[in-house]
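**Student:** Before I ask anything, here is the structure I am working with.
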Amino acid sequence: MLDHITLHVTDIERSVNFYTRALSPLGYIVKAHHEPTLGFGVDDGTLHSDFYLSPTDADATNPRHDGTETVSPVTHIAFLAPSIDAVRAFHAAALAAGGRDNGAPGPRPYHPGYYSAFVLDPDGNNVEAVVDWSGWFGDGSHCPTTQS
């Protein structure tokens with residue numbers, strides 16, 4: 001089980017702006033301020049954040065398993081969405097915030113009922129909003145596999 005994830009970004013202001021707009025349809029807000037790191041979480045009245053953005057030195061290199069180095073590793077992050085409409089709103093908001101399309105909203109072949117959308121953030125990280133996960137939704141409810 002994950003408690004939180006930190007994504008290192010090259011331009012903290014640009015990324016905070018992008019994620020603030022892109023994750024708004026999923027109910028996320030900036031909650032934790034550990035300058036220069038900021039934490040996002042669902043607007044649930046608690047201080048808990050599960051997604052953090054932290055600046056990285058643009059000149060820093062990160063070792064890769066193949067022996068080469070990269071400036072900013074590409075990461076895949078999937079956020080749970082409460083509905084298909086929220087997945088669509090995430091995709092639209094992320095594109096409007098400057099993200100690049102990496103998979104329009106729609107069903108995926110991973111298993112029946114899997115519906116998601118993908119965008120690339122300003123650093124090229126692959127960000128997904130997904131609904132369903134085989135009907136389990138954390139609170140015991142089930143998400144419909146089709147919705148207008």
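Letters A, B, ... go to the chains of the structure tokens in the order shown; residues in each chain start at 1; ligands are counted from 1 in the same order.
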Find the residues near range 36-38 of chain A: any atom within 6 Å, counting only C-alpha atoms, skip ones fewer than 2 places away on the same chain, and give them as a list in words.
**Tutor:**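 Contacts, with the query itself left out: Ala32, His33, His34, Tyr52, Leu53 and Ser54 of chain A.
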**Student:** Excluding Ala129 in chain A and residues on its chain fewer than 2 positions from it, collect all residues at most 6 Å away from it, counting only C-alpha atoms, and give them as a list in words.
**Tutor:**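 The contact residues come out as Ala78, Phe79, Leu80, Ala81, Val87, Ser116 and Ala117 of chain A.
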**Student:** Limited to N, CA, C and O atoms, could you put the picked residues into a file as a PDB file, in the first residue's frame?
**Tutor:**
```pdb
ATOM      1  N   ALA A  78      -0.732   7.034 -11.602  1.00  0.00           N
ATOM      2  CA  ALA A  78      -2.160   6.859 -11.882  1.00  0.00           C
ATOM      3  C   ALA A  78      -2.962   7.329 -10.674  1.00  0.00           C
ATOM      4  O   ALA A  78      -2.761   6.843  -9.562  1.00  0.00           O
ATOM      5  N   PHE A  79      -3.857   8.282 -10.907  1.00  0.00           N
ATOM      6  CA  PHE A  79      -4.736   8.795  -9.868  1.00  0.00           C
ATOM      7  C   PHE A  79      -6.106   8.144 -10.019  1.00  0.00           C
ATOM      8  O   PHE A  79      -6.642   8.069 -11.128  1.00  0.00           O
ATOM      9  N   LEU A  80      -6.680   7.700  -8.921  1.00  0.00           N
ATOM     10  CA  LEU A  80      -8.012   7.119  -8.928  1.00  0.00           C
ATOM     11  C   LEU A  80      -9.045   8.227  -9.099  1.00  0.00           C
ATOM     12  O   LEU A  80      -9.005   9.231  -8.384  1.00  0.00           O
ATOM     13  N   ALA A  81      -9.926   8.067 -10.052  1.00  0.00           N
ATOM     14  CA  ALA A  81     -10.981   9.047 -10.318  1.00  0.00           C
ATOM     15  C   ALA A  81     -12.319   8.504  -9.816  1.00  0.00           C
ATOM     16  O   ALA A  81     -12.550   7.293  -9.865  1.00  0.00           O
ATOM     17  N   VAL A  87     -12.626  11.402 -15.179  1.00  0.00           N
ATOM     18  CA  VAL A  87     -11.486  11.063 -16.046  1.00  0.00           C
ATOM     19  C   VAL A  87     -11.469  12.013 -17.238  1.00  0.00           C
ATOM     20  O   VAL A  87     -10.423  12.560 -17.597  1.00  0.00           O
ATOM     21  N   SER A 116      -9.672   5.035 -18.609  1.00  0.00           N
ATOM     22  CA  SER A 116      -8.660   5.981 -18.170  1.00  0.00           C
ATOM     23  C   SER A 116      -8.287   6.960 -19.270  1.00  0.00           C
ATOM     24  O   SER A 116      -8.749   6.843 -20.405  1.00  0.00           O
ATOM     25  N   ALA A 117      -7.452   7.919 -18.895  1.00  0.00           N
ATOM     26  CA  ALA A 117      -6.878   8.894 -19.827  1.00  0.00           C
ATOM     27  C   ALA A 117      -5.456   9.157 -19.373  1.00  0.00           C
ATOM     28  O   ALA A 117      -5.145   9.077 -18.178  1.00  0.00           O
TER      29      ALA A 117
END
```
**Student:** Contacts of Ala93 in chain A at 9 Å or less, counting only C-alpha atoms, minus same-chain residues fewer than 5 places along, as a compact mmCIF listing (two decimals) with N, CA and C atoms, in the first residue's frame?
**Tutor:**
```
# COMPACT_ATOMS: atom_id res chain seq x y z
N PHE A 18 0.44 23.26 -13.26
CA PHE A 18 -0.10 22.16 -14.07
C PHE A 18 -0.94 21.21 -13.22
N ARG A 21 -4.31 22.52 -11.71
CA ARG A 21 -5.41 22.55 -12.69
C ARG A 21 -5.81 21.15 -13.15
N ALA A 22 -4.83 20.29 -13.41
CA ALA A 22 -5.13 18.96 -13.94
C ALA A 22 -5.82 18.06 -12.92
N LEU A 23 -5.47 18.19 -11.64
CA LEU A 23 -6.03 17.30 -10.62
C LEU A 23 -7.28 17.84 -9.95
N SER A 24 -7.64 19.08 -10.24
CA SER A 24 -8.85 19.67 -9.66
C SER A 24 -10.10 18.82 -9.92
N PRO A 25 -10.30 18.29 -11.13
CA PRO A 25 -11.49 17.47 -11.36
C PRO A 25 -11.51 16.18 -10.53
N ARG A 88 -12.62 12.22 -17.84
CA ARG A 88 -12.71 13.13 -18.99
C ARG A 88 -12.35 14.56 -18.59
N GLY A 98 -1.54 22.79 -20.20
CA GLY A 98 -0.27 22.67 -20.92
C GLY A 98 0.25 21.25 -21.05
N GLY A 99 -0.52 20.27 -20.61
CA GLY A 99 -0.10 18.88 -20.77
C GLY A 99 -0.24 18.44 -22.22
```
**Student:** Could you give me, as a PyMOL selection string, each residue of range 41-126 of chain A that DSSP assigns to alpha helix (DSSP H) when run on this structure's backbone?
**Tutor:** chain A and resi 84-96
**Student:** Take the residues just selected and output them with N, CA, C and O atoms as a short mmCIF file (atom, residue, chain, number, x, y, z; two decimals), in the first residue's frame.
**Tutor:**
```
data_model
loop_
_atom_site.label_atom_id
_atom_site.label_comp_id
_atom_site.auth_asym_id
_atom_site.auth_seq_id
_atom_site.Cartn_x
_atom_site.Cartn_y
_atom_site.Cartn_z
N ILE A 84 -16.23 8.24 -14.62
CA ILE A 84 -15.76 8.41 -15.99
C ILE A 84 -15.76 9.89 -16.36
O ILE A 84 -14.85 10.36 -17.03
N ASP A 85 -16.78 10.61 -15.90
CA ASP A 85 -16.82 12.04 -16.18
C ASP A 85 -15.61 12.75 -15.59
O ASP A 85 -15.07 13.68 -16.18
N ALA A 86 -15.15 12.32 -14.41
CA ALA A 86 -13.97 12.92 -13.79
C ALA A 86 -12.71 12.60 -14.60
O ALA A 86 -11.82 13.45 -14.71
N VAL A 87 -12.63 11.40 -15.18
CA VAL A 87 -11.49 11.06 -16.05
C VAL A 87 -11.47 12.01 -17.24
O VAL A 87 -10.42 12.56 -17.60
N ARG A 88 -12.62 12.22 -17.84
CA ARG A 88 -12.71 13.13 -18.99
C ARG A 88 -12.35 14.56 -18.59
O ARG A 88 -11.64 15.26 -19.32
N ALA A 89 -12.83 15.01 -17.43
CA ALA A 89 -12.54 16.36 -16.97
C ALA A 89 -11.05 16.52 -16.65
O ALA A 89 -10.46 17.56 -16.94
N PHE A 90 -10.44 15.49 -16.07
CA PHE A 90 -8.99 15.50 -15.81
C PHE A 90 -8.23 15.69 -17.12
O PHE A 90 -7.35 16.54 -17.22
N HIS A 91 -8.57 14.93 -18.13
CA HIS A 91 -7.87 14.99 -19.42
C HIS A 91 -7.98 16.39 -20.01
O HIS A 91 -6.99 16.98 -20.43
N ALA A 92 -9.19 16.93 -20.03
CA ALA A 92 -9.41 18.27 -20.58
C ALA A 92 -8.66 19.33 -19.77
O ALA A 92 -8.01 20.22 -20.33
N ALA A 93 -8.72 19.23 -18.44
CA ALA A 93 -8.04 20.21 -17.58
C ALA A 93 -6.52 20.12 -17.74
O ALA A 93 -5.83 21.13 -17.79
N ALA A 94 -6.00 18.90 -17.86
CA ALA A 94 -4.56 18.73 -18.01
C ALA A 94 -4.08 19.29 -19.34
O ALA A 94 -3.03 19.93 -19.42
N LEU A 95 -4.85 19.07 -20.41
CA LEU A 95 -4.47 19.63 -21.71
C LEU A 95 -4.53 21.16 -21.67
O LEU A 95 -3.64 21.83 -22.19
N ALA A 96 -5.56 21.70 -21.04
CA ALA A 96 -5.70 23.16 -20.94
C ALA A 96 -4.58 23.76 -20.10
O ALA A 96 -4.20 24.91 -20.29
#
```
**Student:** Report the distance between CA of Asp44 in chain A and CA of Ile5 in chain A in Å, rounded to one decimal place.
**Tutor:**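 Going from CA of Asp44 in chain A over to CA of Ile5 in chain A covers 18.3 Å.
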